[in-house]
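**Student:** What follows is the file final39.tsv, containing TSV, C-alpha atoms:
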```tsv
chain	number	residue	atom	x	y	z
Y	1	MET	CA	45.05	120.78	212.57
Y	2	ILE	CA	44.05	117.47	214.14
Y	3	ALA	CA	44.32	116.77	217.86
Y	4	THR	CA	45.25	113.14	218.54
Y	5	ARG	CA	45.45	111.52	221.96
Y	6	PHE	CA	47.74	108.54	222.45
Y	7	ASN	CA	49.99	107.02	225.07
Y	8	VAL	CA	53.74	107.54	224.95
Y	9	ASN	CA	55.92	105.61	227.38
Y	10	GLY	CA	53.04	105.25	229.80
Y	11	GLU	CA	51.85	108.86	229.67
Y	12	ASP	CA	48.75	110.17	227.93
Y	13	ARG	CA	49.68	112.86	225.41
Y	14	VAL	CA	47.69	114.96	222.96
Y	15	VAL	CA	49.47	116.16	219.84
Y	16	GLN	CA	48.03	118.73	217.44
Y	17	ALA	CA	49.39	118.24	213.94
Y	18	PRO	CA	48.38	118.58	210.29
Y	19	ALA	CA	47.28	115.33	208.62
Y	20	HIS	CA	50.60	114.79	206.83
Y	21	ARG	CA	52.81	114.94	209.91
Y	22	THR	CA	54.43	111.80	211.30
Y	23	LEU	CA	55.01	110.27	214.70
Y	24	LEU	CA	58.71	111.00	214.20
Y	25	ASP	CA	57.91	114.71	213.73
Y	26	ALA	CA	55.88	114.62	216.95
Y	27	LEU	CA	58.52	112.75	218.96
Y	28	ARG	CA	61.35	115.05	217.94
Y	29	GLY	CA	59.09	118.13	218.07
Y	30	PRO	CA	56.40	118.76	220.68
Y	31	LEU	CA	56.99	115.52	222.61
Y	32	ALA	CA	60.73	116.31	222.97
Y	33	LEU	CA	61.76	112.64	222.91
Y	34	ASN	CA	64.91	112.99	220.85
Y	35	GLY	CA	66.24	109.50	221.55
Y	36	THR	CA	64.39	108.40	218.42
Y	37	LYS	CA	66.66	109.42	215.55
Y	38	LYS	CA	65.78	110.78	212.14
Y	39	GLY	CA	67.94	109.06	209.53
Y	40	CYS	CA	66.43	108.67	206.06
Y	41	ASP	CA	62.86	109.80	206.87
Y	42	ILE	CA	61.52	107.47	204.14
Y	43	GLY	CA	61.30	104.18	205.99
Y	44	ALA	CA	64.56	102.70	204.75
Y	45	CYS	CA	67.04	102.88	207.65
Y	46	GLY	CA	65.29	101.94	210.89
Y	47	SER	CA	66.88	104.71	213.00
Y	48	CYS	CA	63.40	105.84	214.07
Y	49	ASN	CA	62.11	102.40	215.13
Y	50	VAL	CA	59.58	102.54	217.96
Y	51	LEU	CA	57.12	100.02	219.37
Y	52	LEU	CA	53.54	100.76	218.32
Y	53	ASP	CA	51.09	98.58	220.23
Y	54	GLY	CA	54.02	96.25	220.80
Y	55	VAL	CA	55.09	95.99	217.16
Y	56	VAL	CA	58.30	97.51	215.75
Y	57	VAL	CA	57.44	100.28	213.27
Y	58	ARG	CA	59.20	103.18	211.61
Y	59	ALA	CA	58.01	106.37	213.31
Y	60	CYS	CA	58.67	108.22	210.02
Y	61	LEU	CA	55.98	106.17	208.24
Y	62	VAL	CA	53.23	106.54	210.85
Y	63	LEU	CA	50.91	109.53	210.69
Y	64	VAL	CA	50.13	111.23	214.00
Y	65	ALA	CA	46.46	111.37	213.02
Y	66	ASP	CA	46.45	107.56	212.77
Y	67	LEU	CA	47.50	107.12	216.40
Y	68	ALA	CA	44.26	107.78	218.30
Y	69	GLY	CA	44.28	105.46	221.30
Y	70	ALA	CA	47.59	103.86	220.37
Y	71	ASP	CA	50.37	102.83	222.70
Y	72	VAL	CA	53.82	104.08	221.68
Y	73	ARG	CA	57.04	103.08	223.38
Y	74	THR	CA	60.28	104.80	222.43
Y	75	ILE	CA	63.89	104.14	223.42
Y	76	GLU	CA	63.33	106.39	226.45
Y	77	GLY	CA	60.50	104.11	227.56
Y	78	LEU	CA	62.74	101.03	227.64
Y	79	ALA	CA	64.59	102.30	230.74
Y	80	SER	CA	62.90	102.88	234.06
Y	81	ASP	CA	64.07	105.73	236.32
Y	82	LEU	CA	67.20	106.00	234.18
Y	83	VAL	CA	68.10	102.36	234.84
Y	84	PRO	CA	68.76	100.70	231.48
Y	85	GLY	CA	66.51	97.82	230.47
Y	86	ILE	CA	67.98	94.36	229.85
Y	87	VAL	CA	68.50	94.96	226.13
Y	88	GLN	CA	70.07	98.38	226.74
Y	89	GLN	CA	72.42	96.92	229.39
Y	90	ALA	CA	73.43	94.12	227.04
Y	91	PHE	CA	74.32	96.66	224.32
Y	92	ILE	CA	76.46	98.53	226.88
Y	93	ASP	CA	78.15	95.35	228.12
Y	94	ALA	CA	78.79	94.01	224.61
Y	95	GLY	CA	80.23	97.35	223.52
Y	96	ALA	CA	77.62	97.64	220.77
Y	97	ILE	CA	78.11	101.36	220.47
Y	98	GLN	CA	79.77	102.54	217.24
Y	99	CYS	CA	78.86	106.19	216.60
Y	100	GLY	CA	75.59	105.63	218.42
Y	101	PHE	CA	73.18	107.08	215.87
Y	102	CYS	CA	71.47	103.84	214.87
Y	103	MET	CA	71.56	102.24	218.32
Y	104	PRO	CA	68.17	103.46	219.60
Y	105	GLY	CA	66.59	101.90	216.50
Y	106	MET	CA	68.71	98.75	216.94
Y	107	ILE	CA	67.70	98.42	220.60
Y	108	VAL	CA	64.01	98.91	219.79
Y	109	ALA	CA	64.24	96.37	216.94
Y	110	ALA	CA	66.05	93.94	219.26
Y	111	THR	CA	63.40	94.44	221.96
Y	112	GLY	CA	60.64	93.66	219.46
Y	113	LEU	CA	62.55	90.64	218.16
Y	114	LEU	CA	63.13	89.18	221.65
Y	115	LYS	CA	59.49	89.70	222.57
Y	116	ASP	CA	58.45	87.49	219.63
Y	117	ASN	CA	61.39	85.10	219.87
Y	118	PRO	CA	63.08	84.99	223.29
Y	119	SER	CA	65.86	82.61	222.18
Y	120	PRO	CA	66.85	83.59	218.64
Y	121	THR	CA	69.67	81.99	216.68
Y	122	VAL	CA	72.36	84.16	215.12
Y	123	ASP	CA	70.55	83.95	211.77
Y	124	GLU	CA	67.27	84.93	213.38
Y	125	VAL	CA	68.94	87.94	215.00
Y	126	ARG	CA	70.39	88.92	211.63
Y	127	ALA	CA	66.97	88.61	209.98
Y	128	GLY	CA	65.26	90.44	212.83
Y	129	LEU	CA	67.62	93.39	212.56
Y	130	ALA	CA	67.85	93.36	208.75
Y	131	GLY	CA	65.70	96.48	208.47
Y	132	THR	CA	67.91	98.57	210.71
Y	133	LEU	CA	71.08	99.93	209.16
Y	134	CYS	CA	74.37	100.87	210.82
Y	135	ARG	CA	76.45	103.11	208.58
Y	136	CYS	CA	79.53	102.21	210.60
Y	137	SER	CA	78.68	98.58	209.66
Y	138	GLY	CA	79.25	97.60	213.28
Y	139	TYR	CA	76.88	94.68	213.29
Y	140	VAL	CA	79.03	92.03	214.99
Y	141	LYS	CA	78.75	93.47	218.49
Y	142	VAL	CA	75.10	94.30	217.97
Y	143	ILE	CA	74.41	90.62	217.27
Y	144	GLU	CA	76.46	89.63	220.33
Y	145	ALA	CA	74.46	92.13	222.39
Y	146	VAL	CA	71.11	90.70	221.30
Y	147	LEU	CA	72.23	87.14	222.07
Y	148	MET	CA	73.51	88.37	225.44
Y	149	ALA	CA	70.19	90.11	226.14
Y	150	ALA	CA	68.38	86.86	225.37
Y	151	ARG	CA	70.55	85.02	227.91
Y	152	LEU	CA	70.15	87.77	230.51
Y	153	ALA	CA	66.36	87.81	230.07
Y	154	LYS	CA	66.20	84.03	230.46
Y	155	GLY	CA	68.30	84.24	233.64
Y	156	ALA	CA	66.11	87.01	235.01
Y	157	SER	CA	62.88	85.11	234.41
Y	158	SER	CA	64.02	81.71	235.74
R	1	MET	CA	48.09	119.50	225.31
R	2	ASP	CA	51.50	119.93	223.72
R	3	SER	CA	52.27	122.81	221.39
R	4	PRO	CA	51.03	122.16	217.84
R	5	LEU	CA	53.26	121.06	214.96
R	6	ASP	CA	53.49	123.60	212.11
R	7	GLY	CA	50.75	125.89	213.45
R	8	PRO	CA	49.91	128.46	210.76
R	9	ARG	CA	51.66	126.41	208.04
R	10	ASP	CA	49.05	123.65	208.25
R	11	PRO	CA	47.87	123.05	204.64
R	12	GLY	CA	44.51	121.91	205.99
R	13	MET	CA	44.53	118.46	204.44
R	14	ARG	CA	41.50	116.42	205.49
R	15	PHE	CA	41.95	113.12	207.32
R	16	PHE	CA	39.50	110.24	207.62
R	17	LEU	CA	39.57	107.05	209.68
R	18	PRO	CA	36.83	104.84	208.21
R	19	THR	CA	36.15	101.55	209.99
R	20	THR	CA	34.63	99.59	207.08
R	21	VAL	CA	35.38	99.13	203.37
R	22	ASP	CA	31.98	100.67	202.58
R	23	GLU	CA	32.86	103.85	204.45
R	24	ALA	CA	36.27	103.96	202.78
R	25	VAL	CA	34.93	103.68	199.22
R	26	ASP	CA	32.18	106.20	200.03
R	27	LEU	CA	34.94	108.65	200.92
R	28	LEU	CA	36.91	107.86	197.74
R	29	GLY	CA	33.74	108.59	195.77
R	30	VAL	CA	33.37	112.03	197.37
R	31	ALA	CA	36.42	113.73	195.96
R	32	ALA	CA	38.92	112.64	193.32
R	33	GLY	CA	41.82	114.05	195.33
R	34	TYR	CA	41.51	111.67	198.26
R	35	VAL	CA	44.37	109.20	198.70
R	36	CYS	CA	44.38	106.00	200.74
R	37	VAL	CA	47.04	105.36	203.37
R	38	ALA	CA	47.56	101.73	204.35
R	39	GLY	CA	51.01	100.74	205.62
R	40	GLY	CA	52.30	104.21	204.75
R	41	GLY	CA	55.50	102.94	203.13
R	42	LEU	CA	54.88	104.82	199.88
R	43	ILE	CA	52.38	107.58	200.65
R	44	VAL	CA	54.01	109.00	203.78
R	45	PRO	CA	57.40	109.57	202.08
R	46	SER	CA	55.52	111.25	199.19
R	47	LEU	CA	53.92	113.63	201.73
R	48	ARG	CA	57.39	114.28	203.08
R	49	SER	CA	58.55	115.27	199.61
R	50	GLY	CA	55.69	117.73	199.23
R	51	ALA	CA	52.65	115.86	197.90
R	52	ARG	CA	49.49	117.49	199.26
R	53	PRO	CA	46.39	115.50	198.33
R	54	ALA	CA	43.06	117.04	199.31
R	55	GLY	CA	42.49	114.33	201.87
R	56	LEU	CA	43.92	111.16	203.35
R	57	VAL	CA	41.76	108.09	203.89
R	58	SER	CA	43.48	105.93	206.49
R	59	LEU	CA	42.81	102.20	206.17
R	60	ARG	CA	44.29	101.41	209.58
R	61	ARG	CA	40.87	100.73	211.12
R	62	VAL	CA	39.46	98.94	208.07
R	63	GLY	CA	41.47	95.79	207.65
R	64	VAL	CA	44.52	93.97	208.77
R	65	ILE	CA	47.41	96.38	208.46
R	66	ARG	CA	50.37	95.08	210.32
R	67	ASN	CA	52.27	98.34	210.55
R	68	MET	CA	54.16	97.73	207.36
R	69	THR	CA	53.63	98.23	203.68
R	70	THR	CA	50.70	96.32	202.19
R	71	ILE	CA	50.47	94.24	199.02
R	72	GLY	CA	47.55	96.43	197.85
R	73	GLY	CA	49.61	99.59	198.17
R	74	THR	CA	52.57	97.97	196.45
R	75	VAL	CA	50.41	96.79	193.56
R	76	CYS	CA	48.94	100.29	193.15
R	77	ARG	CA	52.38	101.89	193.13
R	78	ALA	CA	53.27	99.57	190.22
R	79	ASP	CA	57.01	99.99	190.54
R	80	PRO	CA	58.38	97.93	187.61
R	81	SER	CA	61.36	96.65	189.59
R	82	ALA	CA	59.55	95.93	192.86
R	83	ASP	CA	59.65	92.28	193.90
R	84	TYR	CA	55.91	91.82	193.65
R	85	SER	CA	55.67	93.18	190.11
R	86	ALA	CA	57.33	90.27	188.33
R	87	ALA	CA	56.29	87.67	190.90
R	88	LEU	CA	52.56	88.47	190.70
R	89	LEU	CA	52.68	88.77	186.92
R	90	ALA	CA	54.24	85.31	186.55
R	91	ALA	CA	51.84	83.89	189.12
R	92	GLY	CA	48.85	85.29	187.20
R	93	ALA	CA	47.42	87.25	190.11
R	94	THR	CA	44.02	88.93	190.07
R	95	ILE	CA	43.38	92.36	191.60
R	96	HIS	CA	40.00	92.89	193.26
R	97	LEU	CA	38.63	96.42	193.43
R	98	ARG	CA	35.62	97.99	195.04
R	99	ALA	CA	33.93	101.33	194.45
R	100	LYS	CA	30.71	102.85	195.64
R	101	ASP	CA	28.91	101.57	192.53
R	102	GLY	CA	30.24	98.01	192.59
R	103	GLU	CA	33.12	95.58	192.46
R	104	ARG	CA	35.35	94.26	189.69
R	105	SER	CA	38.32	91.98	189.29
R	106	VAL	CA	41.19	92.66	186.89
R	107	ALA	CA	44.01	90.35	185.80
R	108	ILE	CA	47.39	91.76	186.79
R	109	ASP	CA	48.35	91.75	183.08
R	110	ASP	CA	45.62	94.35	182.48
R	111	PHE	CA	45.84	96.13	185.83
R	112	VAL	CA	49.39	97.45	185.55
R	113	LEU	CA	49.69	100.04	182.79
R	114	GLY	CA	53.13	101.47	183.51
R	115	ASP	CA	55.40	102.89	186.17
R	116	ASN	CA	53.03	104.14	188.88
R	117	LYS	CA	50.11	103.73	186.46
R	118	THR	CA	47.32	101.23	186.95
R	119	ALA	CA	43.76	100.65	185.77
R	120	ARG	CA	42.48	101.61	189.23
R	121	ARG	CA	40.05	104.53	189.12
R	122	ALA	CA	40.46	107.21	191.77
R	123	ASP	CA	37.24	106.10	193.46
R	124	GLU	CA	38.28	102.45	193.69
R	125	LEU	CA	39.91	100.65	196.58
R	126	VAL	CA	42.00	97.51	196.10
R	127	THR	CA	40.39	95.12	198.57
R	128	SER	CA	42.45	92.00	197.86
R	129	VAL	CA	44.94	90.31	195.58
R	130	SER	CA	44.34	86.66	194.78
R	131	LEU	CA	46.46	83.93	193.23
R	132	PRO	CA	45.23	81.07	191.02
R	133	ARG	CA	43.88	78.16	193.02
R	134	ASP	CA	46.09	75.69	191.14
R	135	LEU	CA	49.31	77.67	191.61
R	136	GLY	CA	50.73	75.01	193.92
R	137	ARG	CA	50.38	72.29	191.28
R	138	GLY	CA	52.95	73.87	188.99
R	139	SER	CA	56.51	74.86	189.74
R	140	GLY	CA	58.17	78.21	189.74
R	141	ALA	CA	60.99	80.45	190.84
R	142	TYR	CA	61.72	84.07	191.56
R	143	ILE	CA	65.18	85.57	191.19
R	144	ARG	CA	66.20	89.12	191.98
R	145	PHE	CA	69.48	90.84	191.28
R	146	SER	CA	70.58	93.69	193.51
R	147	ARG	CA	73.98	95.29	193.95
R	148	VAL	CA	73.86	94.71	197.71
R	149	ASP	CA	71.96	91.88	199.36
R	150	GLY	CA	68.60	93.17	200.57
R	151	ASP	CA	68.64	96.30	198.42
R	152	SER	CA	65.79	96.97	196.01
R	153	PRO	CA	66.44	94.89	192.90
R	154	VAL	CA	67.82	96.08	189.56
R	155	VAL	CA	66.32	93.27	187.49
R	156	THR	CA	63.89	90.56	188.55
R	157	VAL	CA	62.74	87.37	186.84
R	158	ALA	CA	59.85	85.13	187.83
R	159	VAL	CA	58.70	81.94	186.12
R	160	ARG	CA	55.72	79.70	186.58
R	161	LEU	CA	55.58	76.35	184.81
R	162	GLU	CA	52.66	74.00	184.47
R	163	TRP	CA	53.37	70.39	183.67
R	164	ARG	CA	51.73	67.48	181.91
R	165	ASP	CA	53.30	64.06	181.35
R	166	GLY	CA	56.75	65.31	182.33
R	167	VAL	CA	56.88	68.25	179.94
R	168	VAL	CA	56.01	71.92	180.37
R	169	ARG	CA	52.43	72.48	179.23
R	170	SER	CA	52.33	76.23	179.74
R	171	ALA	CA	54.68	78.87	181.06
R	172	ARG	CA	54.39	82.36	182.40
R	173	ILE	CA	57.64	84.32	182.52
R	174	ALA	CA	57.91	87.85	183.88
R	175	VAL	CA	60.86	90.22	183.75
R	176	GLY	CA	60.90	93.30	185.99
R	177	GLY	CA	63.10	96.36	186.08
R	178	CYS	CA	63.49	96.39	182.30
R	179	GLY	CA	60.85	98.86	181.16
R	180	PRO	CA	57.90	100.86	182.45
R	181	LYS	CA	56.27	97.71	183.75
R	182	ALA	CA	57.19	94.08	184.31
R	183	PHE	CA	56.62	92.29	181.00
R	184	ARG	CA	56.04	88.77	179.73
R	185	PRO	CA	58.43	87.77	176.93
R	186	GLY	CA	55.93	85.93	174.75
R	187	GLU	CA	58.33	84.11	172.47
R	188	ALA	CA	60.39	82.90	175.42
R	189	GLU	CA	57.25	81.54	177.05
R	190	SER	CA	56.33	79.55	173.95
R	191	LEU	CA	59.89	78.23	173.61
R	192	VAL	CA	59.70	76.71	177.10
R	193	CYS	CA	56.58	74.73	176.33
R	194	GLY	CA	57.03	71.07	175.45
R	195	ARG	CA	60.42	70.81	177.19
R	196	ALA	CA	61.19	68.18	179.78
R	197	ARG	CA	64.60	69.43	180.90
R	198	VAL	CA	66.16	72.86	181.17
R	199	GLU	CA	69.06	71.70	178.97
R	200	GLU	CA	66.64	71.49	176.01
R	201	ILE	CA	66.00	75.22	176.05
R	202	PRO	CA	67.48	76.94	172.97
R	203	ALA	CA	69.67	80.03	173.21
R	204	ALA	CA	67.07	81.85	171.11
R	205	LEU	CA	64.81	81.95	174.17
R	206	PHE	CA	67.21	84.21	176.03
R	207	ASP	CA	67.84	86.39	172.98
R	208	SER	CA	64.12	86.92	172.47
R	209	ALA	CA	63.59	87.92	176.10
R	210	VAL	CA	66.39	90.47	175.82
R	211	ALA	CA	64.98	91.76	172.53
R	212	GLU	CA	61.60	92.44	174.15
R	213	ALA	CA	63.08	94.36	177.09
R	214	ARG	CA	62.89	98.16	177.08
R	215	PRO	CA	65.17	99.09	179.96
R	216	VAL	CA	66.27	102.62	180.79
R	217	SER	CA	69.41	103.74	182.58
R	218	ASP	CA	69.09	105.01	186.12
R	219	ILE	CA	71.08	105.21	189.34
R	220	LYS	CA	70.81	101.45	189.85
R	221	GLY	CA	72.25	100.46	186.50
R	222	SER	CA	72.51	101.26	182.81
R	223	ALA	CA	70.07	99.94	180.24
R	224	ASP	CA	72.85	97.81	178.77
R	225	HIS	CA	73.72	96.36	182.18
R	226	ARG	CA	70.08	95.41	182.67
R	227	ARG	CA	69.88	93.70	179.26
R	228	ARG	CA	73.01	91.70	180.06
R	229	LEU	CA	71.51	90.55	183.36
R	230	ILE	CA	68.40	89.04	181.79
R	231	PRO	CA	69.82	85.81	180.26
R	232	GLY	CA	71.64	84.69	183.39
R	233	LEU	CA	68.76	85.45	185.72
R	234	LEU	CA	66.29	83.80	183.37
R	235	ARG	CA	68.48	80.71	183.05
R	236	ARG	CA	68.70	80.39	186.84
R	237	ALA	CA	64.98	80.91	187.32
R	238	LEU	CA	64.16	78.32	184.67
R	239	ALA	CA	66.68	75.87	186.11
R	240	GLN	CA	64.99	76.18	189.50
R	241	GLY	CA	61.54	75.91	187.97
R	242	PHE	CA	62.47	72.77	186.00
R	243	ALA	CA	64.20	71.22	189.01
R	244	ALA	CA	61.15	71.81	191.18
R	245	GLY	CA	58.82	70.51	188.48
R	246	ALA	CA	60.78	67.34	187.89
R	247	SER	CA	60.76	66.35	191.53
```
Using structure tokens, write down the structure from this file.
**Tutor:**
Amino acid sequence: MIATRFNVNGEDRVVQAPAHRTLLDALRGPLALNGTKKGCDIGACGSCNVLLDGVVVRACLVLVADLAGADVRTIEGLASDLVPGIVQQAFIDAGAIQCGFCMPGMIVAATGLLKDNPSPTVDEVRAGLAGTLCRCSGYVKVIEAVLMAARLAKGASS
Amino acid sequence: MDSPLDGPRDPGMRFFLPTTVDEAVDLLGVAAGYVCVAGGGLIVPSLRSGARPAGLVSLRRVGVIRNMTTIGGTVCRADPSADYSAALLAAGATIHLRAKDGERSVAIDDFVLGDNKTARRADELVTSVSLPRDLGRGSGAYIRFSRVDGDSPVVTVAVRLEWRDGVVRSARIAVGGCGPKAFRPGEAESLVCGRARVEEIPAALFDSAVAEARPVSDIKGSADHRRRLIPGLLRRALAQGFAAGAS
């Protein structure tokens, strides 16, 4: 059993886990942050996307023991005091909902994309979200939502 | 402190976070059962499906791992239909390894032995993968066929052509997904040499490439399907390679 201290959504946490356990196991287990979804659990679907030191990663491919000192932000950490963040609000306003299962991963991927590229083209949004799958295939409104979030963020900062 | 994961079911696997290559290869030299974790794209799912190596050597603090799978890990997995397999074989890549007792470099042709089999010893770490310095002077192409765009490919073809006086001087062709490792169809390579235009290539080239393939049937496609894919993919790759070389 290895005790690992890292930051999750602004709070210091210590998780005790065997070496083979993943961040996804920790989030949906002891950390009780179930907004991050478990889809394929082999790094293929993107449902478990989180931001690790600001970079979009699959929580199912990151070992807890590797996280010492890391900064993890999950879908829960993108809202403040239950007020949705800009990307979350854009997904609501665009109706990018479908069954909802992939949306936390989509929103995290979109947040990472917009951080690197605040004004993406449609093709850049498609490429940026290519690693996150929606089994309902409801991508059209997701793309609209990301473009809307980009506009909203620009308006908010100017 | 949150409640522990697994508790009494912890298999007690050891975990190391070396900060230098020297420390990492020292650890690999300690016990044959230690496995490196870089991007985690291959090893972590294997842990999920029950693999329990004696220890994990994380490379996260050693080099530049950008939270995704690494080329070193991909090369060591040696998946015959992975994109890198055919591309690096056609490019003529070299794999650089380091162990406690020294370093060596192995041509990709000799490094990959089969599906998930390489010439890497258990105590060696792949430190880099290099491409020939003159790669940019030739022309080349990489083509992948997958049932759905973005899916892992069924068959891959890569070509690299070197030119002299408007004709192909030497060619490296690699076909992936058609056997235990990506292979170079030797006769096809020699039939490309001396040609100035793709139209000059004889049909025998495609037949010979198919004849050298040893595909098996799996969930992605039958062996016969794979054989039938080779000529078309090879023709397209060569057409691109010739077009890029002529310009």
**Student:** Based on all atoms listed in the file, which of the residues in chain Y come within 10 Å of chain R? I want them as number ranges by chain.
**Tutor:** Y: 1-5, 12-22, 25-26, 29-32, 40-44, 52-53, 55-58, 60-63, 65-68, 130-131
**Student:** One number please: atom CA of His96 of chain R to atom CA of Ser190 of chain R, in Å, one decimal.
**Tutor:**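 Atom CA of Ser190 of chain R lies 28.6 Å from atom CA of His96 of chain R.
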**Student:** Name the closest residue to Asp123 of chain Y among the candidates Y:Gly95, Y:Ala110, Y:Ile143, Y:Cys136; distances are taken between atoms, counting all atoms listed in the file.
**Tutor:**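 Smallest distance to Asp123 of chain Y is found for Y:Ile143.
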**Student:** Calculated over all atoms listed in the file, which of the candidates R:Ala223, R:Ile173, R:Ala54, R:Leu88 has the smallest distance to Gly241 of chain R?
**Tutor:**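 Smallest separation from Gly241 of chain R among the options: R:Ile173.
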**Student:** Output as a PDB file, keeping the file's coordinate frame: segment 19-35 of chain Y, completed with N, CA and C atoms.
**Tutor:**
```
ATOM      1  N   ALA Y  19      47.482 116.738 208.979  1.00  0.00           N
ATOM      2  CA  ALA Y  19      47.280 115.330 208.620  1.00  0.00           C
ATOM      3  C   ALA Y  19      48.541 114.659 208.078  1.00  0.00           C
ATOM      4  N   HIS Y  20      49.449 115.430 207.478  1.00  0.00           N
ATOM      5  CA  HIS Y  20      50.600 114.790 206.830  1.00  0.00           C
ATOM      6  C   HIS Y  20      51.793 114.611 207.758  1.00  0.00           C
ATOM      7  N   ARG Y  21      51.662 115.026 209.021  1.00  0.00           N
ATOM      8  CA  ARG Y  21      52.810 114.940 209.910  1.00  0.00           C
ATOM      9  C   ARG Y  21      52.934 113.566 210.565  1.00  0.00           C
ATOM     10  N   THR Y  22      54.180 113.164 210.834  1.00  0.00           N
ATOM     11  CA  THR Y  22      54.430 111.800 211.300  1.00  0.00           C
ATOM     12  C   THR Y  22      54.724 111.739 212.795  1.00  0.00           C
ATOM     13  N   LEU Y  23      54.648 110.520 213.304  1.00  0.00           N
ATOM     14  CA  LEU Y  23      55.010 110.270 214.700  1.00  0.00           C
ATOM     15  C   LEU Y  23      56.435 110.746 214.972  1.00  0.00           C
ATOM     16  N   LEU Y  24      57.320 110.549 213.997  1.00  0.00           N
ATOM     17  CA  LEU Y  24      58.710 111.000 214.200  1.00  0.00           C
ATOM     18  C   LEU Y  24      58.760 112.522 214.375  1.00  0.00           C
ATOM     19  N   ASP Y  25      57.976 113.254 213.567  1.00  0.00           N
ATOM     20  CA  ASP Y  25      57.910 114.710 213.730  1.00  0.00           C
ATOM     21  C   ASP Y  25      57.444 115.063 215.141  1.00  0.00           C
ATOM     22  N   ALA Y  26      56.437 114.323 215.627  1.00  0.00           N
ATOM     23  CA  ALA Y  26      55.880 114.620 216.950  1.00  0.00           C
ATOM     24  C   ALA Y  26      56.880 114.296 218.054  1.00  0.00           C
ATOM     25  N   LEU Y  27      57.559 113.144 217.921  1.00  0.00           N
ATOM     26  CA  LEU Y  27      58.520 112.750 218.960  1.00  0.00           C
ATOM     27  C   LEU Y  27      59.651 113.761 219.071  1.00  0.00           C
ATOM     28  N   ARG Y  28      60.196 114.147 217.932  1.00  0.00           N
ATOM     29  CA  ARG Y  28      61.350 115.050 217.940  1.00  0.00           C
ATOM     30  C   ARG Y  28      60.928 116.516 217.996  1.00  0.00           C
ATOM     31  N   GLY Y  29      59.610 116.768 217.941  1.00  0.00           N
ATOM     32  CA  GLY Y  29      59.090 118.130 218.070  1.00  0.00           C
ATOM     33  C   GLY Y  29      58.435 118.316 219.426  1.00  0.00           C
ATOM     34  N   PRO Y  30      57.109 118.432 219.442  1.00  0.00           N
ATOM     35  CA  PRO Y  30      56.400 118.760 220.680  1.00  0.00           C
ATOM     36  C   PRO Y  30      56.615 117.769 221.818  1.00  0.00           C
ATOM     37  N   LEU Y  31      56.843 116.491 221.519  1.00  0.00           N
ATOM     38  CA  LEU Y  31      56.990 115.520 222.610  1.00  0.00           C
ATOM     39  C   LEU Y  31      58.411 115.518 223.187  1.00  0.00           C
ATOM     40  N   ALA Y  32      59.348 116.143 222.479  1.00  0.00           N
ATOM     41  CA  ALA Y  32      60.730 116.310 222.970  1.00  0.00           C
ATOM     42  C   ALA Y  32      61.360 114.989 223.407  1.00  0.00           C
ATOM     43  N   LEU Y  33      61.118 113.936 222.641  1.00  0.00           N
ATOM     44  CA  LEU Y  33      61.760 112.640 222.910  1.00  0.00           C
ATOM     45  C   LEU Y  33      62.769 112.397 221.792  1.00  0.00           C
ATOM     46  N   ASN Y  34      63.943 112.978 221.950  1.00  0.00           N
ATOM     47  CA  ASN Y  34      64.910 112.990 220.850  1.00  0.00           C
ATOM     48  C   ASN Y  34      65.792 111.738 220.784  1.00  0.00           C
ATOM     49  N   GLY Y  35      65.504 110.768 221.654  1.00  0.00           N
ATOM     50  CA  GLY Y  35      66.240 109.500 221.550  1.00  0.00           C
ATOM     51  C   GLY Y  35      65.948 108.792 220.251  1.00  0.00           C
TER      52      GLY Y  35
END
```
